[in-house]
$ cat query15.tsv   # TSV, C-alpha atoms
chain	number	residue	atom	x	y	z
W	12	MET	CA	4.67	22.28	-60.71
W	13	ASP	CA	7.09	20.09	-58.83
W	14	SER	CA	5.67	17.21	-56.91
W	15	ARG	CA	5.61	17.67	-53.16
W	16	THR	CA	5.57	15.24	-50.27
W	17	PRO	CA	4.00	15.60	-46.83
W	18	SER	CA	5.98	16.90	-43.89
W	19	ILE	CA	5.18	17.81	-40.32
W	20	ALA	CA	4.10	21.42	-39.95
W	21	CYS	CA	3.49	21.53	-36.24
W	22	ILE	CA	3.80	19.35	-33.16
W	23	GLY	CA	1.68	20.17	-30.16
W	24	VAL	CA	1.89	18.65	-26.70
W	25	ILE	CA	-1.21	19.38	-24.63
W	26	GLY	CA	-1.50	18.69	-20.92
W	27	ARG	CA	-4.21	16.95	-18.94
W	28	SER	CA	-6.15	20.14	-18.30
W	29	ASN	CA	-6.00	21.07	-21.97
W	30	ASN	CA	-3.17	23.48	-21.37
W	31	PRO	CA	-0.54	23.79	-24.09
W	32	LEU	CA	2.74	22.34	-22.87
W	33	HIS	CA	4.80	22.68	-25.96
W	34	ILE	CA	4.29	23.81	-29.56
W	35	SER	CA	6.91	23.42	-32.26
W	36	LEU	CA	6.49	24.79	-35.77
W	37	PHE	CA	8.30	23.53	-38.84
W	38	ALA	CA	8.49	25.74	-41.90
W	39	ALA	CA	7.83	24.29	-45.32
W	40	SER	CA	10.79	24.11	-47.64
W	41	GLY	CA	11.27	24.51	-51.34
W	42	PRO	CA	10.87	27.47	-53.73
W	43	GLY	CA	7.56	29.26	-53.39
W	44	TYR	CA	6.79	27.74	-50.01
W	45	GLU	CA	9.17	29.61	-47.75
W	46	SER	CA	6.63	31.62	-45.78
W	47	GLU	CA	6.91	31.26	-42.01
W	48	ARG	CA	4.16	29.47	-40.16
W	49	ASN	CA	1.95	31.64	-38.04
W	50	LYS	CA	2.10	30.61	-34.40
W	51	LEU	CA	-1.33	31.96	-33.52
W	52	GLU	CA	-2.96	30.19	-36.42
W	53	TYR	CA	-1.49	26.88	-35.32
W	54	SER	CA	-2.53	27.45	-31.71
W	55	PHE	CA	-6.08	27.83	-32.95
W	56	MET	CA	-5.76	24.62	-34.96
W	57	LEU	CA	-4.53	22.73	-31.91
W	58	ASN	CA	-7.40	24.20	-29.93
W	59	SER	CA	-9.88	22.95	-32.48
W	60	CYS	CA	-8.63	19.40	-31.92
W	61	LEU	CA	-9.53	19.34	-28.27
W	62	ASP	CA	-13.26	18.97	-28.88
W	63	ILE	CA	-12.62	16.06	-31.20
W	64	PHE	CA	-10.56	14.30	-28.55
W	65	GLU	CA	-13.31	14.93	-26.05
W	66	ALA	CA	-16.01	13.64	-28.36
W	67	ARG	CA	-14.19	10.49	-29.32
W	68	MET	CA	-12.83	9.64	-25.90
W	69	PRO	CA	-15.87	7.72	-24.53
W	70	ALA	CA	-16.27	5.61	-27.64
W	71	LYS	CA	-12.61	4.77	-27.83
W	72	THR	CA	-11.80	2.28	-25.12
W	73	VAL	CA	-8.58	0.76	-26.42
W	74	GLY	CA	-5.50	2.23	-27.97
W	75	HIS	CA	-3.86	5.61	-27.90
W	76	ASP	CA	-3.88	6.41	-31.58
W	77	PHE	CA	-6.77	8.66	-32.52
W	78	GLY	CA	-5.71	8.73	-36.16
W	79	LEU	CA	-6.92	11.53	-38.36
W	80	LEU	CA	-8.70	14.13	-36.26
W	81	HIS	CA	-9.77	16.35	-39.11
W	82	ALA	CA	-8.53	17.71	-42.38
W	83	LEU	CA	-8.64	21.48	-42.53
W	84	ASP	CA	-8.14	21.87	-46.27
W	85	GLU	CA	-6.28	20.11	-49.07
W	86	ARG	CA	-2.95	20.81	-47.45
W	87	THR	CA	-3.45	20.57	-43.72
W	88	ALA	CA	-4.46	17.52	-41.73
W	89	MET	CA	-4.26	16.83	-38.02
W	90	TYR	CA	-3.51	13.56	-36.27
W	91	GLY	CA	-3.84	12.82	-32.58
W	92	TRP	CA	-2.59	10.51	-29.85
W	93	VAL	CA	-3.52	10.35	-26.17
W	94	THR	CA	-1.38	8.79	-23.46
W	95	ASN	CA	-2.93	6.99	-20.50
W	96	THR	CA	-2.07	9.96	-18.36
W	97	GLY	CA	-4.19	12.27	-20.48
W	98	VAL	CA	-1.40	14.05	-22.34
W	99	LYS	CA	-2.51	14.77	-25.90
W	100	LEU	CA	-0.05	14.76	-28.74
W	101	VAL	CA	-1.13	16.42	-31.96
W	102	ILE	CA	0.76	16.45	-35.23
W	103	VAL	CA	-0.31	18.80	-37.98
W	104	VAL	CA	0.82	17.51	-41.36
W	105	ASP	CA	1.37	19.74	-44.33
W	106	MET	CA	0.64	17.59	-47.38
W	107	GLU	CA	2.88	19.77	-49.52
W	108	GLY	CA	5.54	20.45	-46.95
W	109	ARG	CA	8.67	19.62	-48.87
W	110	PRO	CA	9.72	19.04	-52.44
W	111	ALA	CA	9.64	15.38	-53.39
W	112	SER	CA	13.19	14.20	-53.54
W	113	THR	CA	14.14	11.87	-56.29
W	114	THR	CA	16.72	10.14	-54.14
W	115	GLY	CA	17.06	9.12	-50.56
W	116	PRO	CA	14.38	8.05	-48.13
W	117	GLY	CA	10.75	8.90	-48.75
W	118	LYS	CA	11.14	9.23	-52.47
W	119	ALA	CA	8.20	6.92	-53.18
W	120	ALA	CA	5.30	8.91	-54.52
W	121	VAL	CA	2.74	9.36	-51.82
W	122	LEU	CA	-0.94	9.31	-52.51
W	123	GLY	CA	-2.64	10.29	-49.32
W	124	LEU	CA	-1.39	9.39	-45.91
W	125	LYS	CA	-2.24	6.43	-43.75
W	126	ASP	CA	-2.83	6.71	-40.04
W	127	ARG	CA	-0.03	4.32	-39.31
W	128	ASP	CA	2.46	6.53	-41.10
W	129	LEU	CA	2.34	8.81	-38.09
W	130	THR	CA	2.67	6.05	-35.49
W	131	PRO	CA	6.49	6.11	-35.29
W	132	ALA	CA	6.42	9.86	-34.79
W	133	PHE	CA	3.89	9.59	-31.99
W	134	GLN	CA	5.80	6.80	-30.34
W	135	ALA	CA	8.99	8.83	-30.47
W	136	LEU	CA	7.16	11.81	-29.00
W	137	GLN	CA	5.75	9.74	-26.18
W	138	THR	CA	9.20	8.36	-25.46
W	139	ALA	CA	10.53	11.91	-25.38
W	140	TYR	CA	7.83	12.84	-22.89
W	141	ILE	CA	8.63	9.83	-20.71
W	142	HIS	CA	12.26	10.85	-20.74
W	143	LEU	CA	11.22	14.35	-19.74
W	144	LEU	CA	9.39	12.93	-16.72
W	145	ARG	CA	12.62	11.21	-15.72
W	146	ASN	CA	14.41	14.53	-15.62
W	147	PRO	CA	14.78	15.53	-11.98
W	148	PHE	CA	14.58	19.22	-12.82
W	149	TYR	CA	11.13	18.84	-14.31
W	150	THR	CA	8.23	19.02	-11.87
W	151	PRO	CA	5.00	17.93	-13.53
W	152	ASP	CA	2.86	19.87	-11.09
W	153	ASP	CA	4.46	23.14	-12.15
W	154	HIS	CA	2.98	22.56	-15.58
W	155	ASP	CA	-0.58	21.84	-14.52
W	156	PRO	CA	-2.83	24.90	-14.13
W	157	ARG	CA	-4.84	23.23	-11.39
W	158	ARG	CA	-1.83	22.64	-9.18
W	159	ALA	CA	0.78	25.17	-10.22
W	160	LYS	CA	1.47	27.98	-7.80
W	161	GLY	CA	2.37	31.38	-9.08
W	162	ALA	CA	2.10	32.80	-12.54
W	163	ALA	CA	5.12	31.09	-14.07
W	164	SER	CA	4.86	29.79	-17.59
W	165	LEU	CA	3.31	26.34	-17.86
W	166	GLN	CA	5.21	25.48	-21.00
W	167	ILE	CA	7.89	22.82	-21.03
W	168	ASN	CA	11.27	24.54	-21.07
W	169	SER	CA	13.59	21.56	-21.11
W	170	PRO	CA	16.09	22.07	-23.94
W	171	ARG	CA	16.53	18.35	-24.40
W	172	PHE	CA	12.82	17.80	-24.92
W	173	THR	CA	12.59	20.74	-27.30
W	174	LYS	CA	15.51	19.45	-29.30
W	175	GLU	CA	14.06	15.97	-29.49
W	176	VAL	CA	10.72	17.33	-30.75
W	177	GLU	CA	12.59	19.37	-33.36
W	178	ARG	CA	14.45	16.26	-34.44
W	179	ILE	CA	11.25	14.22	-34.77
W	180	GLY	CA	9.53	16.97	-36.73
W	181	ASN	CA	12.36	17.31	-39.18
W	182	ALA	CA	13.21	13.65	-39.57
W	183	TRP	CA	9.75	12.27	-40.22
W	184	TYR	CA	8.68	11.33	-43.72
W	185	PRO	CA	5.77	9.13	-44.89
W	186	GLY	CA	6.64	5.48	-44.59
W	187	ILE	CA	9.37	5.91	-41.99
W	188	ILE	CA	9.72	2.81	-39.83
W	189	SER	CA	11.21	4.21	-36.67
W	190	LEU	CA	12.37	7.56	-35.38
Y	20	MET	CA	8.79	-21.96	5.35
Y	21	SER	CA	12.33	-21.60	4.10
Y	22	ARG	CA	13.93	-18.66	2.44
Y	23	PRO	CA	11.64	-16.72	0.09
Y	24	VAL	CA	12.30	-17.63	-3.52
Y	25	PRO	CA	13.31	-14.70	-5.73
Y	26	SER	CA	10.77	-13.61	-8.32
Y	27	PRO	CA	10.61	-15.88	-11.40
Y	28	PRO	CA	12.79	-13.89	-13.83
Y	29	ALA	CA	15.88	-14.43	-11.72
Y	30	GLN	CA	18.32	-12.57	-13.92
Y	31	PRO	CA	20.97	-10.73	-11.96
Y	32	ASP	CA	20.03	-7.32	-13.35
Y	33	SER	CA	16.36	-7.59	-12.43
Y	34	LEU	CA	17.26	-8.75	-8.94
Y	35	LEU	CA	19.52	-5.77	-8.55
Y	36	ALA	CA	16.84	-3.40	-9.80
Y	37	ALA	CA	14.36	-4.88	-7.37
Y	38	SER	CA	16.76	-4.54	-4.46
Y	39	THR	CA	17.64	-0.94	-5.20
Y	40	LEU	CA	14.24	0.23	-3.98
Y	41	ASP	CA	14.80	-1.56	-0.69
Y	42	PHE	CA	18.24	-0.03	-0.29
Y	43	LEU	CA	16.93	3.37	-1.29
Y	44	LEU	CA	14.20	3.21	1.33
Y	45	ILE	CA	16.68	2.17	4.00
Y	46	GLU	CA	18.65	5.29	3.23
Y	47	LEU	CA	15.75	7.61	2.52
Y	48	VAL	CA	13.72	7.29	5.68
Y	49	PRO	CA	16.49	8.15	8.17
Y	50	LEU	CA	17.57	10.95	5.85
Y	51	ALA	CA	14.09	12.45	5.88
Y	52	GLN	CA	13.96	12.10	9.65
Y	53	ARG	CA	17.30	13.84	10.05
Y	54	ILE	CA	16.30	16.68	7.74
Y	55	ALA	CA	13.00	17.13	9.53
Y	56	GLU	CA	14.74	17.27	12.92
Y	57	GLN	CA	17.28	19.78	11.67
Y	58	HIS	CA	14.57	21.95	10.18
Y	59	ALA	CA	12.56	21.85	13.37
Y	60	ALA	CA	15.62	22.76	15.43
Y	61	ARG	CA	16.48	25.65	13.14
Y	62	ASP	CA	12.88	26.84	13.20
Y	63	ARG	CA	12.83	26.76	16.96
Y	64	ALA	CA	16.10	28.66	17.17
Y	65	GLN	CA	14.84	31.32	14.79
Y	66	ARG	CA	11.58	31.72	16.66
Y	67	GLU	CA	13.43	32.09	19.91
Y	68	ASP	CA	15.69	34.69	18.32
Y	69	TYR	CA	12.66	36.50	17.01
Y	70	ALA	CA	10.95	36.48	20.40
Y	71	ARG	CA	14.13	37.75	22.02
Y	72	SER	CA	14.43	40.59	19.54
Y	73	GLN	CA	10.81	41.51	20.24
Y	74	ILE	CA	11.56	41.78	23.90
Y	75	PHE	CA	14.66	43.80	23.14
Y	76	HIS	CA	12.75	46.32	21.04
Y	77	ASP	CA	9.61	46.57	23.15
Y	78	GLN	CA	11.09	46.69	26.62
Y	79	PRO	CA	14.72	47.73	26.39
Y	80	VAL	CA	15.24	47.90	30.16
Y	81	GLN	CA	14.53	44.56	31.75
Y	82	THR	CA	16.32	42.06	33.88
Y	83	PRO	CA	16.98	38.66	32.28
Y	84	SER	CA	14.67	36.83	34.67
Y	85	ALA	CA	11.79	39.20	33.92
Y	86	ALA	CA	12.45	38.77	30.21
Y	87	ALA	CA	12.10	35.04	30.52
Y	88	ALA	CA	8.87	35.42	32.46
Y	89	SER	CA	7.32	37.79	29.94
Y	90	LYS	CA	8.29	35.69	26.95
Y	91	PRO	CA	4.84	34.27	26.23
Y	92	ALA	CA	3.45	37.79	26.50
Y	93	ALA	CA	5.98	38.98	23.94
Y	94	ASP	CA	4.86	36.21	21.66
Y	95	THR	CA	1.30	37.38	21.70
Y	96	LEU	CA	2.45	40.96	21.30
Y	97	SER	CA	4.20	40.24	18.02
Y	98	VAL	CA	1.90	41.93	15.52
Y	99	GLY	CA	3.72	40.58	12.49
Y	100	GLY	CA	2.41	37.19	13.41
Y	101	ALA	CA	5.18	34.76	14.13
Y	102	PRO	CA	3.21	31.64	15.06
Y	103	THR	CA	3.26	31.25	18.81
Y	104	ASP	CA	5.88	28.79	19.80
Y	105	ASN	CA	3.89	26.14	21.56
Y	106	THR	CA	6.78	23.70	21.55
Y	107	THR	CA	8.92	25.76	23.88
Y	108	ALA	CA	6.04	27.38	25.70
Y	109	ALA	CA	4.16	24.20	26.44
Y	110	GLY	CA	7.31	22.13	26.50
Y	111	GLY	CA	5.48	19.02	25.35
Y	112	ALA	CA	7.86	16.42	23.98
Y	113	GLY	CA	4.90	14.64	22.38
Y	114	ASP	CA	4.12	17.71	20.33
Y	115	VAL	CA	7.63	17.88	18.95
Y	116	GLU	CA	7.51	14.22	18.05
Y	117	GLU	CA	4.15	14.62	16.38
Y	118	GLU	CA	5.34	17.63	14.43
Y	119	ASN	CA	8.46	15.79	13.33
Y	120	ARG	CA	6.46	12.82	12.20
Y	121	ASP	CA	4.25	15.06	10.12
Y	122	ALA	CA	7.30	16.71	8.57
Y	123	VAL	CA	8.84	13.33	7.75
Y	124	PHE	CA	5.57	12.14	6.26
Y	125	TRP	CA	5.22	15.28	4.19
Y	126	ARG	CA	8.78	15.00	2.89
Y	127	LEU	CA	8.69	11.29	2.01
Y	128	ASP	CA	5.19	11.51	0.57
Y	129	GLY	CA	6.30	14.37	-1.65
Y	130	MET	CA	9.29	12.39	-2.92
Y	131	GLY	CA	7.13	9.37	-3.61
Y	132	TYR	CA	4.60	11.54	-5.38
Y	133	ARG	CA	7.14	12.68	-7.93
Y	134	VAL	CA	8.42	9.12	-8.38
Y	135	GLY	CA	4.88	7.85	-8.87
Y	136	GLN	CA	4.18	10.40	-11.55
Y	137	GLY	CA	7.27	9.38	-13.46
Y	138	LEU	CA	6.57	5.68	-13.07
Y	139	VAL	CA	3.01	5.89	-14.28
Y	140	GLU	CA	4.07	7.80	-17.36
Y	141	ARG	CA	6.65	5.16	-18.15
Y	142	PHE	CA	4.69	1.99	-17.40
Y	143	SER	CA	1.18	2.94	-18.46
Y	144	ALA	CA	2.39	3.38	-22.03
Y	145	GLY	CA	1.23	0.43	-24.08
Y	146	ARG	CA	-1.49	-0.63	-21.65
Y	147	PRO	CA	-5.22	-0.20	-22.15
Y	148	ARG	CA	-6.49	3.16	-21.00
Y	149	PRO	CA	-8.25	3.01	-17.61
Y	150	GLN	CA	-11.88	4.01	-18.00
Y	151	THR	CA	-13.02	4.20	-14.41
Y	152	PRO	CA	-11.32	4.98	-11.09
Y	153	LEU	CA	-11.49	1.27	-10.30
Y	154	ASP	CA	-9.49	0.54	-13.45
Y	155	SER	CA	-6.82	2.98	-12.32
Y	156	ILE	CA	-6.63	1.33	-8.91
Y	157	LYS	CA	-6.38	-2.05	-10.59
Y	158	PHE	CA	-3.52	-0.73	-12.66
Y	159	VAL	CA	-1.72	0.17	-9.45
Y	160	CYS	CA	-2.44	-3.25	-7.91
Y	161	LYS	CA	-1.65	-5.43	-10.88
Y	162	ASP	CA	0.94	-3.54	-12.89
Y	163	LEU	CA	2.74	-1.12	-10.63
Y	164	TRP	CA	2.88	-3.28	-7.51
Y	165	PRO	CA	4.76	-6.22	-9.11
Y	166	LEU	CA	7.22	-3.75	-10.63
Y	167	LEU	CA	7.94	-2.11	-7.32
Y	168	PHE	CA	7.40	-4.80	-4.73
Y	169	ARG	CA	7.72	-8.04	-6.71
Y	170	LYS	CA	4.19	-9.23	-6.02
Y	171	GLN	CA	0.62	-8.26	-6.68
Y	172	ILE	CA	-1.51	-6.75	-4.00
Y	173	ASP	CA	-3.35	-9.43	-2.01
Y	174	ASN	CA	-6.69	-7.83	-1.49
Y	175	LEU	CA	-8.62	-4.88	-2.84
Y	176	LYS	CA	-11.78	-3.67	-1.20
Y	177	THR	CA	-13.93	-0.75	-2.20
Y	178	ASN	CA	-17.19	0.79	-1.09
Y	179	HIS	CA	-17.84	1.93	-4.69
Y	180	ARG	CA	-18.07	5.49	-3.44
Y	181	GLY	CA	-14.48	6.51	-3.75
Y	182	VAL	CA	-12.76	4.63	-0.93
Y	183	PHE	CA	-10.39	1.77	-1.74
Y	184	VAL	CA	-8.50	-0.37	0.71
Y	185	LEU	CA	-5.47	-2.31	-0.53
Y	186	THR	CA	-4.05	-5.02	1.66
Y	187	ASP	CA	-0.65	-6.57	1.21
Y	188	GLN	CA	-0.06	-9.50	3.54
Y	189	ARG	CA	3.67	-9.37	3.06
Y	190	PHE	CA	4.72	-5.88	2.14
Y	191	GLN	CA	8.25	-5.94	0.76
Y	192	PRO	CA	9.79	-2.83	2.35
Y	193	ILE	CA	8.88	-3.93	5.89
Y	194	SER	CA	9.12	-7.67	5.38
Y	195	ARG	CA	12.66	-7.76	6.77
Y	196	VAL	CA	11.78	-5.90	9.93
Y	197	SER	CA	12.25	-8.10	12.95
Y	198	VAL	CA	10.12	-8.05	16.05
Y	199	ASP	CA	11.33	-9.27	19.41
Y	200	ARG	CA	8.34	-11.41	20.35
Y	201	LYS	CA	9.71	-12.25	23.79
Y	202	ALA	CA	9.88	-8.60	24.79
Y	203	GLY	CA	6.10	-8.37	24.98
Y	204	VAL	CA	3.41	-6.13	23.57
Y	205	LYS	CA	5.26	-2.89	24.19
Y	206	ALA	CA	8.16	-3.86	21.92
Y	207	GLY	CA	5.75	-4.86	19.20
Y	208	GLU	CA	4.04	-1.49	19.31
Y	209	ASP	CA	7.38	0.27	19.31
Y	210	THR	CA	8.48	-1.62	16.21
Y	211	LEU	CA	5.20	-0.86	14.48
Y	212	SER	CA	5.51	2.86	15.08
Y	213	ARG	CA	9.06	2.82	13.77
Y	214	ALA	CA	8.14	0.74	10.73
Y	215	GLN	CA	5.34	3.18	9.97
Y	216	ALA	CA	7.85	5.62	8.50
Y	217	TYR	CA	8.76	3.11	5.80
Y	218	LEU	CA	5.19	3.17	4.49
Y	219	TYR	CA	5.16	6.90	3.74
Y	220	PHE	CA	7.21	6.70	0.56
Y	221	PRO	CA	5.02	3.97	-1.01
Y	222	CYS	CA	2.01	6.10	-0.02
Y	223	GLY	CA	3.41	8.93	-2.07
Y	224	ILE	CA	4.07	6.62	-5.01
Y	225	ILE	CA	0.42	5.53	-5.03
Y	226	ARG	CA	-0.74	9.12	-4.78
Y	227	GLY	CA	1.54	10.18	-7.63
Y	228	ALA	CA	0.57	7.28	-9.86
Y	229	LEU	CA	-3.12	7.98	-9.39
Y	230	ALA	CA	-2.58	11.69	-9.92
Y	231	GLY	CA	-0.94	10.78	-13.21
Y	232	LEU	CA	-4.03	8.85	-14.18
Y	233	GLY	CA	-6.21	11.82	-13.29
Y	234	MET	CA	-7.39	10.92	-9.80
Y	235	ASP	CA	-7.02	13.28	-6.88
Y	236	VAL	CA	-6.60	11.11	-3.80
Y	237	THR	CA	-5.27	10.99	-0.29
Y	238	VAL	CA	-3.47	7.83	0.77
Y	239	HIS	CA	-3.10	6.64	4.31
Y	240	ALA	CA	-1.00	3.61	5.22
Y	241	ASP	CA	-1.29	1.48	8.28
Y	242	SER	CA	0.27	-1.67	9.58
Y	243	SER	CA	-1.29	-3.77	12.31
Y	244	GLU	CA	1.01	-6.76	12.11
Y	245	ILE	CA	4.55	-6.46	10.87
Y	246	PRO	CA	4.85	-7.83	7.35
Y	247	ALA	CA	1.30	-6.78	6.42
Y	248	ALA	CA	0.30	-3.31	5.32
Y	249	THR	CA	-2.97	-1.67	4.42
Y	250	PHE	CA	-3.31	1.37	2.22
Y	251	GLN	CA	-6.50	3.34	2.38
Y	252	ILE	CA	-7.08	5.44	-0.70
Y	253	LYS	CA	-9.70	8.15	-0.54
Y	254	THR	CA	-10.65	10.10	-3.61
Y	255	ARG	CA	-11.11	13.78	-3.01
Y	256	GLY	CA	-14.69	14.48	-2.02
Y	257	ALA	CA	-15.57	10.90	-1.03
Y	258	LYS	CA	-17.30	10.37	2.29
Y	259	ALA	CA	-16.39	7.93	5.06
$ encode --input "query15.tsv" --output "structure tokens"
Amino acid sequence: MDSRTPSIACIGVIGRSNNPLHISLFAASGPGYESERNKLEYSFMLNSCLDIFEARMPAKTVGHDFGLLHALDERTAMYGWVTNTGVKLVIVVDMEGRPASTTGPGKAAVLGLKDRDLTPAFQALQTAYIHLLRNPFYTPDDHDPRRAKGAASLQINSPRFTKEVERIGNAWYPGIISL
Amino acid sequence: MSRPVPSPPAQPDSLLAASTLDFLLIELVPLAQRIAEQHAARDRAQREDYARSQIFHDQPVQTPSAAAASKPAADTLSVGGAPTDNTTAAGGAGDVEEENRDAVFWRLDGMGYRVGQGLVERFSAGRPRPQTPLDSIKFVCKDLWPLLFRKQIDNLKTNHRGVFVLTDQRFQPISRVSVDRKAGVKAGEDTLSRAQAYLYFPCGIIRGALAGLGMDVTVHADSSEIPAATFQIKTRGAKA
């Protein structure tokens, strides 16, 4: 079997009231791994993180990086980050997401994953969210179930934000310095 | 005291950025007032039209003078429920002014709210997470205030039951307002009531920033002496 390296399988942005704001899925690549990711399955995974955030929140007084939330099986692990405004960012990592390239960035053999490997991705995501808040066409209250009026979708529909999340998900590899 | 010294990092770009808020406010407040007046005028016109059409449909044969006399009656007759026009019926100029002030407040507060939400997202990144409501208020006083108004808040009082009072002895947006001291008490009061409008936008910013940090509050601003301003922050559900 070819050696495989970790890649991001899913990025979830979850609002203050635990409402999903945005979910992006990233298919694995390489022969034998082409199956599409199931959106429902990943929604459940993101849901399962919320309790862990809640449980760790009182004990964690400094920092935003919640590190490894839990590992579902040998392949899937979830990492979390909370902004001061209560927005939760979750990255699901597929440990066998792409074939290990012999050239180019990220070729170093990876044994396990450190928490800080995800930090650049989280920082880039937070920056993307901050940029979203600076978009005059985005009204945060329309995306909060406690304040939103009407039955419109609460999901973020800014193309720029979506594109940026896609870029982060595809560009990340273990050991990347900045995104 | 001579001219106030600009804030320590006196680079041209930071000075410009700090002044933009002042200039924005100068433009924003009259704009909001104009919009509110226009809206009120349009509302009034529409209500009058509506009342007239009611009269036309209900009592087709009527002399103009009788129509004018029965206008309040027509208002109460309207089943669809156009709110009775107390501004034209009562004719109170004070009411109109009050209504306009509320509209201006609502508009500026809403704008500030959105700005506050954006600001808190941007500037709370990389700071310790506030644990208690008091921490959030302190964030506003110590981090947000210098960014917006070039100084920290002077005084913070709380009753520890959800009410916070912030006092700024020299509040930037109204620090340039001049009062004609020779003209007596009346002029002072007049200036105060006009300067009041410039506190609405900062009110909204505080409300938005705290909403971003997860606090549901109402903010009320007051000024008793020109360069000073007090902001009373009440968390939802707090008493007194």
$ residues_around --input "query15.tsv" --residues "range 14-27 of chain W" --least-positions-apart "4" --cutoff "6 Å" --atoms "only C-alpha atoms" --output "list in words"
Pro31, Leu32, His33, Ile34, Ser35, Leu36, Phe37, Gly97, Val98, Lys99, Leu100, Val101, Ile102, Val103, Val104, Asp105, Met106, Glu107, Gly108, Arg109, Pro110, Ala111 and Gly180 of chain W
$ atom_distance --input "query15.tsv" --atom1 "CA of Glu116 in chain Y" --atom2 "CA of Gln191 in chain Y"
26.6 Å
$ closest_residue --input "query15.tsv" --among "Y:Pro192, Y:Gly256, Y:Gly227, Y:Gly113" --to "chain W" --atoms "all atoms listed in the file"
Y:Gly227
$ atom_distance --input "query15.tsv" --atom1 "CA of Arg213 in chain Y" --atom2 "CA of Val123 in chain Y"
12.1 Å
$ atom_distance --input "query15.tsv" --atom1 "CA of Ile172 in chain Y" --atom2 "CA of Val204 in chain Y"
28.0 Å
$ closest_residue --input "query15.tsv" --among "W:Ala88, W:Leu143, W:Ile167, W:Leu190" --to "chain Y" --atoms "all atoms listed in the file"
W:Leu143
$ residues_around --input "query15.tsv" --residues "Ile193 in chain Y" --least-positions-apart "5" --cutoff "9 Å" --atoms "all atoms listed in the file" --output "mmCIF file with C-alpha atoms, in the coordinates of the input"
data_model
loop_
_atom_site.group_PDB
_atom_site.id
_atom_site.type_symbol
_atom_site.label_atom_id
_atom_site.label_comp_id
_atom_site.auth_asym_id
_atom_site.auth_seq_id
_atom_site.Cartn_x
_atom_site.Cartn_y
_atom_site.Cartn_z
ATOM 1 C CA ALA Y 214 8.140 0.740 10.730
ATOM 2 C CA GLN Y 215 5.340 3.180 9.970
ATOM 3 C CA TYR Y 217 8.760 3.110 5.800
ATOM 4 C CA LEU Y 218 5.190 3.170 4.490
ATOM 5 C CA ILE Y 245 4.550 -6.460 10.870
ATOM 6 C CA PRO Y 246 4.850 -7.830 7.350
ATOM 7 C CA ALA Y 247 1.300 -6.780 6.420
ATOM 8 C CA ALA Y 248 0.300 -3.310 5.320
#
$ closest_residue --input "query15.tsv" --among "Y:Arg195, Y:Arg189, Y:Arg255, Y:Arg148" --to "chain W" --atoms "only C-alpha atoms"
Y:Arg148
$ interface_residues --input "query15.tsv" --of "chain W" --to "chain Y" --cutoff "10 Å" --atoms "only C-alpha atoms" --output "ChimeraX atom specification"
/W:27-28,68-69,71-75,93-98,134,137-138,140-147,149-152
$ residues_around --input "query15.tsv" --residues "Leu43 in chain Y" --least-positions-apart "4" --cutoff "12 Å" --atoms "only C-alpha atoms" --output "ChimeraX atom specification"
/Y:35-39,47-51,127,130-131,192,217,220-221
$ closest_residue --input "query15.tsv" --among "Y:Cys222, Y:Ala206, Y:Leu211, Y:Ile252" --to "Asn178 in chain Y" --atoms "only C-alpha atoms"
Y:Ile252
$ closest_residue --input "query15.tsv" --among "Y:Ala64, Y:Val184, Y:Val196, Y:Leu175" --to "Glu244 in chain Y" --atoms "only C-alpha atoms"
Y:Val196
$ residues_near_point --input "query15.tsv" --point "(-5.4, -7.2, -4.3)" --cutoff "8 Å" --atoms "only C-alpha atoms" --output "list in words"
Cys160, Lys161, Gln171, Ile172, Asp173, Asn174, Leu175, Lys176, Leu185, Thr186 and Asp187 of chain Y
$ closest_residue --input "query15.tsv" --among "Y:Ile224, Y:Ala70, Y:Val236, Y:Leu153" --to "Leu167 in chain Y" --atoms "all atoms listed in the file"
Y:Ile224
$ axis_aligned_box --input "query15.tsv" --around "range 157-176 of chain Y" --padding-each-side "4 Å" --output "AutoDock Vina command-line options"
--center_x -1.9 --center_y -4.6 --center_z -7.0 --size_x 27.7 --size_y 17.6 --size_z 19.7
$ build_atoms --input "query15.tsv" --residues "range 38-44 of chain W" --atoms "N, CA and C atoms" --output "PDB file, keeping the file's coordinate frame"
ATOM      1  N   ALA W  38       8.795  25.030 -40.659  1.00  0.00           N
ATOM      2  CA  ALA W  38       8.490  25.740 -41.900  1.00  0.00           C
ATOM      3  C   ALA W  38       8.572  24.773 -43.078  1.00  0.00           C
ATOM      4  N   ALA W  39       7.754  25.068 -44.085  1.00  0.00           N
ATOM      5  CA  ALA W  39       7.830  24.290 -45.320  1.00  0.00           C
ATOM      6  C   ALA W  39       9.104  24.671 -46.055  1.00  0.00           C
ATOM      7  N   SER W  40       9.584  23.783 -46.894  1.00  0.00           N
ATOM      8  CA  SER W  40      10.790  24.110 -47.640  1.00  0.00           C
ATOM      9  C   SER W  40      10.514  24.019 -49.135  1.00  0.00           C
ATOM     10  N   GLY W  41      11.420  24.544 -49.894  1.00  0.00           N
ATOM     11  CA  GLY W  41      11.270  24.510 -51.340  1.00  0.00           C
ATOM     12  C   GLY W  41      10.873  25.875 -51.887  1.00  0.00           C
ATOM     13  N   PRO W  42      11.191  26.160 -53.155  1.00  0.00           N
ATOM     14  CA  PRO W  42      10.870  27.470 -53.730  1.00  0.00           C
ATOM     15  C   PRO W  42       9.371  27.713 -53.757  1.00  0.00           C
ATOM     16  N   GLY W  43       8.977  28.912 -53.356  1.00  0.00           N
ATOM     17  CA  GLY W  43       7.560  29.260 -53.390  1.00  0.00           C
ATOM     18  C   GLY W  43       6.814  28.901 -52.133  1.00  0.00           C
ATOM     19  N   TYR W  44       7.491  28.184 -51.215  1.00  0.00           N
ATOM     20  CA  TYR W  44       6.790  27.740 -50.010  1.00  0.00           C
ATOM     21  C   TYR W  44       7.456  28.269 -48.736  1.00  0.00           C
TER      22      TYR W  44
END
